[in-house]
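Next comes my_file_27.cif, a file with mmCIF, C-alpha atoms (C1' of nucleotides).
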data_model
loop_
_atom_site.label_atom_id
_atom_site.label_comp_id
_atom_site.auth_asym_id
_atom_site.auth_seq_id
_atom_site.Cartn_x
_atom_site.Cartn_y
_atom_site.Cartn_z
CA MET A 1 23.18 -3.30 -7.54
CA VAL A 2 23.73 -1.83 -4.13
CA PHE A 3 20.97 -1.51 -1.57
CA ASP A 4 22.16 0.96 1.01
CA ALA A 5 20.95 2.61 4.19
CA ILE A 6 19.20 5.38 2.24
CA ASP A 7 17.20 2.84 0.22
CA LYS A 8 16.26 1.20 3.48
CA ARG A 9 14.96 4.45 4.94
CA LEU A 10 13.17 5.20 1.68
CA LEU A 11 11.35 1.86 1.84
CA GLU A 12 10.40 2.56 5.43
CA TYR A 13 8.84 5.87 4.44
CA LEU A 14 7.03 4.42 1.45
CA GLN A 15 5.66 1.54 3.52
CA GLN A 16 4.24 4.12 5.89
CA ASP A 17 2.80 6.48 3.28
CA SER A 18 3.26 5.94 -0.43
CA LYS A 19 1.50 9.20 -1.34
CA GLN A 20 4.32 11.39 -0.09
CA THR A 21 5.79 13.54 -2.83
CA ASN A 22 9.38 13.18 -3.92
CA LYS A 23 9.97 16.66 -2.56
CA GLU A 24 8.85 15.63 0.92
CA LEU A 25 11.02 12.53 0.72
CA SER A 26 13.95 14.56 -0.56
CA LEU A 27 13.79 16.73 2.56
CA LYS A 28 13.65 13.72 4.88
CA LEU A 29 16.52 11.97 3.09
CA ASP A 30 18.53 15.11 2.40
CA LEU A 31 18.72 14.40 -1.32
CA SER A 32 17.55 16.08 -4.49
CA VAL A 33 14.12 15.32 -5.94
CA THR A 34 15.77 13.60 -8.89
CA ALA A 35 17.91 11.37 -6.70
CA VAL A 36 14.81 10.28 -4.77
CA TYR A 37 12.95 9.68 -8.02
CA GLU A 38 15.71 7.51 -9.42
CA ARG A 39 16.10 5.50 -6.23
CA ILE A 40 12.37 4.77 -6.19
CA LYS A 41 12.43 3.70 -9.85
CA LYS A 42 15.39 1.45 -9.10
CA LEU A 43 13.58 -0.15 -6.16
CA GLU A 44 10.53 -0.74 -8.37
CA ARG A 45 12.60 -2.10 -11.24
CA GLU A 46 14.63 -4.46 -9.06
CA GLY A 47 11.51 -5.83 -7.40
CA PHE A 48 11.97 -4.42 -3.92
CA ILE A 49 8.57 -2.80 -4.24
CA ASP A 50 5.84 -5.21 -5.33
CA SER A 51 2.98 -2.75 -5.55
CA TYR A 52 1.29 0.33 -4.19
CA VAL A 53 -2.11 -0.17 -2.61
CA ALA A 54 -4.84 1.64 -0.75
CA ILE A 55 -5.68 0.20 2.66
CA VAL A 56 -9.42 0.33 3.18
CA ASN A 57 -11.20 0.46 6.49
CA LYS A 58 -12.94 -2.86 7.19
CA GLU A 59 -15.53 -1.41 9.56
CA LYS A 60 -16.57 1.25 7.08
CA ILE A 61 -17.43 -1.24 4.40
CA GLU A 62 -18.93 -3.65 6.92
CA LYS A 63 -16.54 -6.48 6.27
CA ASP A 64 -14.93 -6.71 9.64
CA PHE A 65 -15.67 -10.22 10.80
CA VAL A 66 -12.24 -11.83 10.73
CA VAL A 67 -11.65 -15.53 11.24
CA PHE A 68 -8.48 -17.59 11.11
CA CYS A 69 -9.20 -21.09 9.85
CA HIS A 70 -6.99 -24.07 10.26
CA VAL A 71 -7.40 -26.69 7.56
CA LYS A 72 -6.10 -30.24 7.49
CA LEU A 73 -6.11 -32.32 4.32
CA VAL A 74 -7.00 -36.01 4.32
CA GLN A 75 -3.88 -36.80 2.31
CA HIS A 76 -0.90 -34.91 1.04
CA ALA A 77 -0.56 -36.27 -2.45
CA GLN A 78 0.73 -33.53 -4.71
CA ASP A 79 -2.38 -33.22 -6.84
CA TYR A 80 -4.57 -32.90 -3.71
CA VAL A 81 -2.35 -30.10 -2.49
CA ILE A 82 -2.34 -28.29 -5.84
CA LYS A 83 -6.10 -28.56 -6.16
CA PHE A 84 -6.74 -27.34 -2.65
CA GLU A 85 -4.42 -24.38 -3.02
CA LYS A 86 -5.96 -23.40 -6.30
CA ALA A 87 -9.49 -23.66 -4.95
CA VAL A 88 -8.79 -21.72 -1.81
CA THR A 89 -6.92 -18.99 -3.70
CA SER A 90 -9.98 -18.35 -5.82
CA LEU A 91 -12.19 -17.66 -2.80
CA ASN A 92 -12.38 -13.93 -2.28
CA GLU A 93 -13.29 -14.27 1.40
CA VAL A 94 -9.83 -15.79 1.86
CA LEU A 95 -7.35 -12.94 1.91
CA GLU A 96 -4.41 -15.00 3.04
CA CYS A 97 -3.46 -18.65 2.97
CA TYR A 98 -0.31 -20.17 4.45
CA HIS A 99 1.04 -23.68 4.32
CA ILE A 100 2.26 -24.18 7.86
CA SER A 101 4.01 -26.62 10.15
CA GLY A 102 2.17 -28.21 13.03
CA ASP A 103 -1.08 -30.05 13.64
CA TYR A 104 -2.84 -28.46 10.71
CA ASP A 105 -1.64 -28.03 7.13
CA TYR A 106 -2.97 -24.57 6.36
CA LEU A 107 -3.86 -21.34 8.05
CA LEU A 108 -6.38 -19.12 6.29
CA LYS A 109 -7.38 -15.56 7.03
CA VAL A 110 -11.02 -15.12 6.17
CA ILE A 111 -12.90 -11.82 6.07
CA VAL A 112 -16.67 -11.68 5.86
CA ARG A 113 -19.51 -9.45 7.01
CA ASP A 114 -20.78 -11.32 10.05
CA MET A 115 -21.34 -14.73 11.60
CA PRO A 116 -24.16 -15.77 9.22
CA SER A 117 -21.92 -14.90 6.28
CA PHE A 118 -19.17 -16.95 7.84
CA ARG A 119 -21.45 -19.94 8.17
CA GLU A 120 -22.45 -19.49 4.55
CA PHE A 121 -18.78 -19.35 3.56
CA MET A 122 -17.94 -22.53 5.48
CA VAL A 123 -20.88 -24.56 4.31
CA LYS A 124 -21.10 -23.41 0.70
CA LYS A 125 -17.50 -22.66 -0.15
CA LEU A 126 -14.67 -23.87 2.07
CA THR A 127 -15.92 -27.31 3.02
CA THR A 128 -17.03 -28.08 -0.52
CA ILE A 129 -13.36 -28.20 -1.54
CA ASP A 130 -12.22 -31.80 -2.04
CA HIS A 131 -9.87 -33.65 0.26
CA ILE A 132 -10.36 -31.44 3.30
CA GLY A 133 -9.99 -33.53 6.43
CA SER A 134 -10.91 -31.13 9.19
CA THR A 135 -11.08 -27.45 9.99
CA HIS A 136 -10.80 -25.38 13.12
CA SER A 137 -11.92 -21.76 13.31
CA MET A 138 -10.52 -19.04 15.55
CA PHE A 139 -12.58 -15.87 15.69
CA VAL A 140 -10.87 -12.54 15.97
CA ILE A 141 -12.16 -10.71 19.04
CA SER A 142 -10.04 -7.65 18.42
CA GLU A 143 -7.23 -6.54 16.17
CA VAL A 144 -4.48 -5.40 18.50
CA LYS A 145 -1.95 -4.59 15.75
CA HIS A 146 -2.12 -4.70 12.02
CA SER A 147 0.71 -3.36 9.91
CA THR A 148 1.85 -4.02 6.35
CA ALA A 149 5.27 -2.47 6.94
CA ILE A 150 8.22 -4.79 7.40
CA ASN A 151 10.82 -3.35 9.75
CA PHE A 152 14.52 -3.73 9.01
CA MET B 153 -23.25 10.28 2.73
CA VAL B 154 -23.95 7.76 0.02
CA PHE B 155 -21.55 4.99 -0.83
CA ASP B 156 -22.59 3.66 -4.20
CA ALA B 157 -21.52 1.01 -6.70
CA ILE B 158 -19.04 3.38 -8.34
CA ASP B 159 -17.31 4.05 -5.02
CA LYS B 160 -17.12 0.31 -4.51
CA ARG B 161 -15.44 -0.23 -7.86
CA LEU B 162 -13.14 2.70 -7.18
CA LEU B 163 -12.02 1.13 -3.90
CA GLU B 164 -11.43 -2.15 -5.68
CA TYR B 165 -9.18 -0.46 -8.20
CA LEU B 166 -7.29 1.50 -5.56
CA GLN B 167 -6.76 -1.61 -3.45
CA GLN B 168 -5.18 -3.23 -6.49
CA ASP B 169 -3.03 -0.31 -7.56
CA SER B 170 -3.08 3.04 -5.83
CA LYS B 171 -0.65 4.62 -8.27
CA GLN B 172 -3.16 4.71 -11.12
CA THR B 173 -3.82 8.24 -12.33
CA ASN B 174 -7.25 9.79 -12.08
CA LYS B 175 -7.34 9.79 -15.85
CA GLU B 176 -6.89 6.02 -16.01
CA LEU B 177 -9.55 5.58 -13.35
CA SER B 178 -11.88 7.97 -15.16
CA LEU B 179 -11.70 5.76 -18.25
CA LYS B 180 -12.42 2.60 -16.25
CA LEU B 181 -15.29 4.22 -14.39
CA ASP B 182 -16.59 6.26 -17.31
CA LEU B 183 -16.42 9.51 -15.37
CA SER B 184 -14.53 12.79 -15.66
CA VAL B 185 -11.16 13.23 -13.98
CA THR B 186 -12.71 15.72 -11.57
CA ALA B 187 -15.50 13.36 -10.57
CA VAL B 188 -12.95 10.63 -9.81
CA TYR B 189 -10.84 13.13 -7.87
CA GLU B 190 -13.76 14.22 -5.73
CA ARG B 191 -14.91 10.68 -5.05
CA ILE B 192 -11.44 9.71 -3.88
CA LYS B 193 -11.22 12.77 -1.62
CA LYS B 194 -14.62 11.89 -0.20
CA LEU B 195 -13.53 8.30 0.49
CA GLU B 196 -10.38 9.58 2.21
CA ARG B 197 -12.29 12.19 4.22
CA GLU B 198 -14.98 9.78 5.37
CA GLY B 199 -12.40 7.21 6.47
CA PHE B 200 -13.04 4.53 3.87
CA ILE B 201 -9.38 4.73 2.93
CA ASP B 202 -7.04 4.42 5.89
CA SER B 203 -3.77 4.92 4.05
CA TYR B 204 -1.73 4.35 0.94
CA VAL B 205 1.29 2.10 1.29
CA ALA B 206 4.05 0.44 -0.68
CA ILE B 207 4.15 -3.33 -0.43
CA VAL B 208 7.76 -4.48 -0.25
CA ASN B 209 9.09 -7.83 -1.31
CA LYS B 210 10.08 -9.87 1.74
CA GLU B 211 12.54 -12.09 -0.11
CA LYS B 212 14.39 -9.12 -1.58
CA ILE B 213 15.11 -7.60 1.79
CA GLU B 214 15.80 -11.01 3.34
CA LYS B 215 13.04 -10.87 5.88
CA ASP B 216 10.98 -13.77 4.72
CA PHE B 217 10.90 -16.13 7.65
CA VAL B 218 7.27 -15.94 8.74
CA VAL B 219 5.92 -17.50 11.91
CA PHE B 220 2.48 -17.47 13.46
CA CYS B 221 2.71 -17.57 17.25
CA HIS B 222 -0.05 -18.52 19.60
CA VAL B 223 0.21 -16.93 23.00
CA LYS B 224 -1.69 -17.80 26.17
CA LEU B 225 -1.66 -15.52 29.21
CA VAL B 226 -1.47 -16.88 32.74
CA GLN B 227 -4.37 -14.71 33.80
CA HIS B 228 -6.78 -12.34 32.10
CA ALA B 229 -6.92 -9.48 34.55
CA GLN B 230 -7.37 -6.26 32.63
CA ASP B 231 -3.99 -4.77 33.47
CA TYR B 232 -2.23 -7.98 32.37
CA VAL B 233 -4.03 -7.78 29.06
CA ILE B 234 -3.28 -4.11 28.55
CA LYS B 235 0.40 -4.58 29.39
CA PHE B 236 0.79 -7.56 27.12
CA GLU B 237 -0.90 -5.82 24.19
CA LYS B 238 1.23 -2.74 24.64
CA ALA B 239 4.45 -4.75 24.87
CA VAL B 240 3.69 -6.90 21.86
CA THR B 241 2.63 -3.91 19.76
CA SER B 242 6.01 -2.31 20.30
CA LEU B 243 7.90 -5.30 18.89
CA ASN B 244 8.71 -4.60 15.28
CA GLU B 245 9.04 -8.28 14.41
CA VAL B 246 5.32 -8.56 15.22
CA LEU B 247 3.44 -7.23 12.23
CA GLU B 248 0.04 -8.39 13.37
CA CYS B 249 -1.56 -9.34 16.65
CA TYR B 250 -5.09 -10.61 17.14
CA HIS B 251 -7.03 -11.39 20.27
CA ILE B 252 -8.79 -14.62 19.34
CA SER B 253 -11.23 -17.20 20.58
CA GLY B 254 -10.10 -20.77 21.29
CA ASP B 255 -7.35 -22.49 23.20
CA TYR B 256 -4.95 -19.58 22.97
CA ASP B 257 -5.59 -15.91 23.67
CA TYR B 258 -3.54 -14.31 20.90
CA LEU B 259 -2.31 -15.00 17.42
CA LEU B 260 0.79 -13.10 16.29
CA LYS B 261 2.30 -12.83 12.87
CA VAL B 262 6.05 -12.56 13.22
CA ILE B 263 8.50 -11.74 10.44
CA VAL B 264 12.24 -12.20 10.88
CA ARG B 265 15.27 -13.07 8.77
CA ASP B 266 15.77 -16.73 9.62
CA MET B 267 15.49 -19.38 12.31
CA PRO B 268 18.34 -18.03 14.46
CA SER B 269 16.70 -14.60 14.39
CA PHE B 270 13.43 -16.21 15.40
CA ARG B 271 15.06 -17.92 18.34
CA GLU B 272 16.60 -14.59 19.32
CA PHE B 273 13.17 -12.95 19.07
CA MET B 274 11.51 -15.61 21.23
CA VAL B 275 14.16 -15.73 23.92
CA LYS B 276 15.06 -12.06 24.13
CA LYS B 277 11.80 -10.36 23.29
CA LEU B 278 8.54 -12.28 23.26
CA THR B 279 8.99 -14.51 26.29
CA THR B 280 10.37 -11.69 28.38
CA ILE B 281 6.93 -10.09 28.39
CA ASP B 282 5.23 -10.58 31.74
CA HIS B 283 2.29 -12.89 32.35
CA ILE B 284 2.77 -15.08 29.30
CA GLY B 285 1.63 -18.61 30.10
CA SER B 286 2.62 -20.53 27.02
CA THR B 287 3.35 -20.10 23.34
CA HIS B 288 3.05 -22.28 20.28
CA SER B 289 4.77 -21.49 16.99
CA MET B 290 3.63 -22.42 13.51
CA PHE B 291 6.21 -21.90 10.80
CA VAL B 292 5.12 -20.78 7.38
CA ILE B 293 6.31 -23.26 4.77
CA SER B 294 4.89 -21.29 1.87
CA GLU B 295 2.66 -18.32 1.27
CA VAL B 296 -0.13 -19.60 -0.95
CA LYS B 297 -2.08 -16.36 -1.07
CA HIS B 298 -1.45 -12.94 0.37
CA SER B 299 -3.68 -10.03 -0.50
CA THR B 300 -4.45 -6.74 1.20
CA ALA B 301 -7.57 -6.15 -0.88
CA ILE B 302 -10.93 -6.79 0.73
CA ASN B 303 -13.49 -8.02 -1.76
CA PHE B 304 -17.05 -6.78 -1.63
"C1'" DA C 305 -43.60 22.94 -9.85
"C1'" DT C 306 -39.86 25.25 -7.57
"C1'" DA C 307 -35.97 25.61 -4.58
"C1'" DT C 308 -31.94 23.28 -2.71
"C1'" DT C 309 -28.38 20.24 -2.73
"C1'" DT C 310 -25.41 17.04 -4.84
"C1'" DT C 311 -22.80 15.39 -8.65
"C1'" DA C 312 -20.48 16.10 -12.71
"C1'" DA C 313 -18.03 18.45 -16.40
"C1'" DG C 314 -14.33 21.35 -18.76
"C1'" DA C 315 -10.85 24.74 -18.40
"C1'" DA C 316 -7.25 27.03 -15.80
"C1'" DA C 317 -3.86 27.05 -12.26
"C1'" DA C 318 -0.74 24.81 -9.24
"C1'" DT C 319 1.91 21.13 -8.10
"C1'" DT C 320 4.41 17.06 -9.10
"C1'" DA C 321 6.75 13.68 -11.91
"C1'" DT C 322 9.98 12.86 -15.46
"C1'" DT C 323 13.64 13.83 -18.66
"C1'" DC C 324 18.01 15.90 -19.82
"C1'" DG C 325 22.77 17.52 -19.76
"C1'" DG C 326 26.39 18.16 -17.04
"C1'" DT C 327 29.01 17.34 -12.57
"C1'" DT C 328 30.66 15.04 -8.73
"C1'" DA C 329 31.63 10.92 -6.06
"C1'" DT C 330 33.03 5.85 -6.10
"C1'" DG C 331 35.46 1.67 -6.98
"C1'" DG C 332 38.67 -0.85 -9.38
"C1'" DT C 333 43.04 -1.01 -12.21
"C1'" DT C 334 47.48 0.03 -13.49
"C1'" DA D 335 48.84 8.27 -7.02
"C1'" DA D 336 46.79 8.86 -11.54
"C1'" DC D 337 43.45 6.82 -14.59
"C1'" DC D 338 39.21 5.11 -16.33
"C1'" DA D 339 34.54 3.47 -16.06
"C1'" DT D 340 30.43 3.52 -13.69
"C1'" DA D 341 27.04 5.04 -10.73
"C1'" DA D 342 24.82 8.64 -8.11
"C1'" DC D 343 23.64 13.22 -7.87
"C1'" DC D 344 22.08 17.91 -9.02
"C1'" DG D 345 19.40 21.92 -11.12
"C1'" DA D 346 16.77 23.31 -14.85
"C1'" DA D 347 13.43 22.37 -18.48
"C1'" DT D 348 9.49 19.85 -19.86
"C1'" DA D 349 5.56 16.77 -19.45
"C1'" DA D 350 1.99 15.01 -16.85
"C1'" DT D 351 -1.00 15.07 -13.06
"C1'" DT D 352 -3.50 17.02 -9.35
"C1'" DT D 353 -6.25 20.55 -7.57
"C1'" DT D 354 -9.16 24.55 -7.92
"C1'" DC D 355 -12.75 27.12 -9.99
"C1'" DT D 356 -16.90 28.07 -12.54
"C1'" DT D 357 -20.86 26.47 -14.53
"C1'" DA D 358 -24.35 23.05 -15.87
"C1'" DA D 359 -27.10 19.06 -15.14
"C1'" DA D 360 -29.32 15.64 -11.98
"C1'" DA D 361 -31.32 14.35 -7.98
"C1'" DT D 362 -33.85 15.42 -3.72
"C1'" DA D 363 -36.63 17.88 -0.88
"C1'" DT D 364 -40.15 21.62 -0.10
#

Turn the structure described in the file into structure tokens.
Amino acid sequence: MVFDAIDKRLLEYLQQDSKQTNKELSLKLDLSVTAVYERIKKLEREGFIDSYVAIVNKEKIEKDFVVFCHVKLVQHAQDYVIKFEKAVTSLNEVLECYHISGDYDYLLKVIVRDMPSFREFMVKKLTTIDHIGSTHSMFVISEVKHSTAINF
Amino acid sequence: MVFDAIDKRLLEYLQQDSKQTNKELSLKLDLSVTAVYERIKKLEREGFIDSYVAIVNKEKIEKDFVVFCHVKLVQHAQDYVIKFEKAVTSLNEVLECYHISGDYDYLLKVIVRDMPSFREFMVKKLTTIDHIGSTHSMFVISEVKHSTAINF
DNA sequence: ATATTTTAAGAAAATTATTCGGTTATGGTT
DNA sequence: AACCATAACCGAATAATTTTCTTAAAATAT
């Protein structure tokens, strides 16, 4: 399987707007509609494209209170880690969770409605998970840049 | 404009998979194809849906070295802030940038190929921006959860 | 209770995606 | 350089989907 410069450009376009028609893409890439179609199918089949999603506006649905939470575990025994990761994954306020290097073990991206909701989330959900040592919250004052597109 | 429970479910479905046909959605929502069509158009028009994008697999394109960078400015005069935000936004390794509360001013999500590329990014790009006081990098060991869908 | 507006439905039209058969490039082998 | 095998491409035909249109039913206001 060869992944060439045209595939690269195609992915760039699709990361920007996945609702473009194959005809539009065929003009940009100087290919036939069929060639574009088959390249897209190949990229989907081979796993280059994970999914197609709609990006919704946080403000509009009043879920625009974003907080990054650092979490440290008391111990790092494997079953503690597994349990924590499973628990945190199931929380729908947690959109992202990363195991990271540094002073803390994890970095979580949490999205809720407002500060009271955040308190509720911390008290009733996050800190009820076993083996959490400490947490540290960083509130997002403003989103300067937010893109889902990976540049080559 | 009313945003009801059906719209909510519709957004949930579209955040999961935006390539579903209106017919599939009409079955899930127990509506006609036209009703689904018009609701989607309304959500797009009113700004509930920002865009439709393809999510590409980082590993596949060998851009899966993810780093969160804290950045502190030397001063917070408005023109320093504006310049920094503009400069950082233009860097295509920086997918996300947040102005945050706490010890540091900004949190950046950086995606590159590997550690050498990261070093290159830090030395040649990030730290050449004016007025940066200090930085602190947290390397992602593993991505436990990564979703673009906001839950209601 | 009546008028007005919104929402929904089915059918028709327009556009788009997908399949198909044949052709042209590409890479490797002799 | 000629050969084969494979992959990529194209245009046309078909299938599926989106979009428009017309009308009917709810919901809301007068």

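The residues caught by the PyMOL selection byres ((chain A) within 9 of (chain C)) in this file are Thr21, Asn22, Lys23, Thr34 and Tyr37 of chain A.
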
Rounded to one decimal, what separation in Å do you get between atom CA of Lys277 of chain B and atom CA of His222 of chain B?
14.9 Å

Define the interface residues of chain D facing chain B as those within 12 Å, counting all atoms listed in the file, and report them as a PDB file with C-alpha atoms (C1' of nucleotides), in the frame of the given file.
ATOM      1  C1'  DA D 350       1.990  15.010 -16.850  1.00  0.00           C
ATOM      2  C1'  DT D 351      -1.000  15.070 -13.060  1.00  0.00           C
ATOM      3  C1'  DT D 352      -3.500  17.020  -9.350  1.00  0.00           C
ATOM      4  C1'  DT D 353      -6.250  20.550  -7.570  1.00  0.00           C
ATOM      5  C1'  DT D 354      -9.160  24.550  -7.920  1.00  0.00           C
ATOM      6  C1'  DC D 355     -12.750  27.120  -9.990  1.00  0.00           C
TER       7       DC D 355
END

Give as an NGL selection string every residue of chain B that touches chain A within 8 Å, counting only C-alpha atoms.
:B and (163 or 166-171 or 199-210 or 212-213 or 215 or 237 or 241 or 244-245 or 247-254 or 263 or 290-304)

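Checking A:Asp7, A:Glu120, A:Asp130, A:Glu24 one by one against Arg39 of chain A, counting all atoms listed in the file, you find the shortest gap at A:Asp7.
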
If you count all atoms listed in the file, which residues fall within 8 Å of Ser178 of chain B, apart from same-chain ones fewer than 6 positions away, as a PDB file with C-alpha atoms, keeping the file's coordinate frame?
ATOM      1  CA  SER B 184     -14.530  12.790 -15.660  1.00  0.00           C
ATOM      2  CA  VAL B 185     -11.160  13.230 -13.980  1.00  0.00           C
ATOM      3  CA  ALA B 187     -15.500  13.360 -10.570  1.00  0.00           C
ATOM      4  CA  VAL B 188     -12.950  10.630  -9.810  1.00  0.00           C
TER       5      VAL B 188
END

Neighbouring residues of Leu181 of chain B were defined as those with any atom within 9 Å, considering all atoms listed in the file; residues of the same chain fewer than 6 positions away were excluded. Please report them as a VMD selection string.
chain B and resid 158 161 to 162 188

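The interatomic distance for the pair atom CA of Asp4 of chain A and atom CA of Met274 of chain B works out to 28.2 Å.
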
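Between atom CA of Lys276 of chain B and atom CA of Ala239 of chain B the separation is 12.9 Å.
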
Quick one: what's the axis-aligned box for segment 245-254 of chain B, all listed atoms, 8 Å on every side, centre and edges in Å to one decimal, as AutoDock Vina command-line options?
--center_x -1.1 --center_y -14.0 --center_z 16.8 --size_x 36.3 --size_y 29.5 --size_z 25.1

Output segment 227-238 of chain B as an mmCIF file, in the frame of the given file, making sure N, CA, C and O atoms are there.
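Done, and the output landed in rebuild.cif:
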data_model
loop_
_atom_site.group_PDB
_atom_site.id
_atom_site.type_symbol
_atom_site.label_atom_id
_atom_site.label_comp_id
_atom_site.auth_asym_id
_atom_site.auth_seq_id
_atom_site.Cartn_x
_atom_site.Cartn_y
_atom_site.Cartn_z
ATOM 1 N N GLN B 227 -3.108 -15.202 33.266
ATOM 2 C CA GLN B 227 -4.370 -14.710 33.800
ATOM 3 C C GLN B 227 -4.933 -13.689 32.838
ATOM 4 O O GLN B 227 -4.237 -13.231 31.944
ATOM 5 N N HIS B 228 -6.187 -13.290 33.023
ATOM 6 C CA HIS B 228 -6.780 -12.340 32.100
ATOM 7 C C HIS B 228 -7.256 -11.070 32.774
ATOM 8 O O HIS B 228 -8.185 -10.418 32.323
ATOM 9 N N ALA B 229 -6.610 -10.751 33.879
ATOM 10 C CA ALA B 229 -6.920 -9.480 34.550
ATOM 11 C C ALA B 229 -6.630 -8.345 33.576
ATOM 12 O O ALA B 229 -5.688 -8.432 32.784
ATOM 13 N N GLN B 230 -7.463 -7.314 33.644
ATOM 14 C CA GLN B 230 -7.370 -6.260 32.630
ATOM 15 C C GLN B 230 -5.988 -5.642 32.486
ATOM 16 O O GLN B 230 -5.528 -5.415 31.373
ATOM 17 N N ASP B 231 -5.305 -5.417 33.605
ATOM 18 C CA ASP B 231 -3.990 -4.770 33.470
ATOM 19 C C ASP B 231 -2.951 -5.707 32.860
ATOM 20 O O ASP B 231 -2.027 -5.264 32.203
ATOM 21 N N TYR B 232 -3.111 -7.011 33.032
ATOM 22 C CA TYR B 232 -2.230 -7.980 32.370
ATOM 23 C C TYR B 232 -2.420 -7.863 30.852
ATOM 24 O O TYR B 232 -1.451 -7.827 30.089
ATOM 25 N N VAL B 233 -3.670 -7.853 30.473
ATOM 26 C CA VAL B 233 -4.030 -7.780 29.060
ATOM 27 C C VAL B 233 -3.472 -6.519 28.425
ATOM 28 O O VAL B 233 -2.807 -6.556 27.389
ATOM 29 N N ILE B 234 -3.737 -5.398 29.068
ATOM 30 C CA ILE B 234 -3.280 -4.110 28.550
ATOM 31 C C ILE B 234 -1.759 -4.094 28.388
ATOM 32 O O ILE B 234 -1.232 -3.698 27.353
ATOM 33 N N LYS B 235 -1.060 -4.573 29.435
ATOM 34 C CA LYS B 235 0.400 -4.580 29.390
ATOM 35 C C LYS B 235 0.938 -5.466 28.283
ATOM 36 O O LYS B 235 1.879 -5.109 27.593
ATOM 37 N N PHE B 236 0.341 -6.645 28.164
ATOM 38 C CA PHE B 236 0.790 -7.560 27.120
ATOM 39 C C PHE B 236 0.590 -6.942 25.732
ATOM 40 O O PHE B 236 1.493 -6.941 24.897
ATOM 41 N N GLU B 237 -0.584 -6.387 25.508
ATOM 42 C CA GLU B 237 -0.900 -5.820 24.190
ATOM 43 C C GLU B 237 0.026 -4.660 23.855
ATOM 44 O O GLU B 237 0.452 -4.499 22.712
ATOM 45 N N LYS B 238 0.335 -3.876 24.852
ATOM 46 C CA LYS B 238 1.230 -2.740 24.640
ATOM 47 C C LYS B 238 2.641 -3.226 24.308
ATOM 48 O O LYS B 238 3.278 -2.745 23.362
#
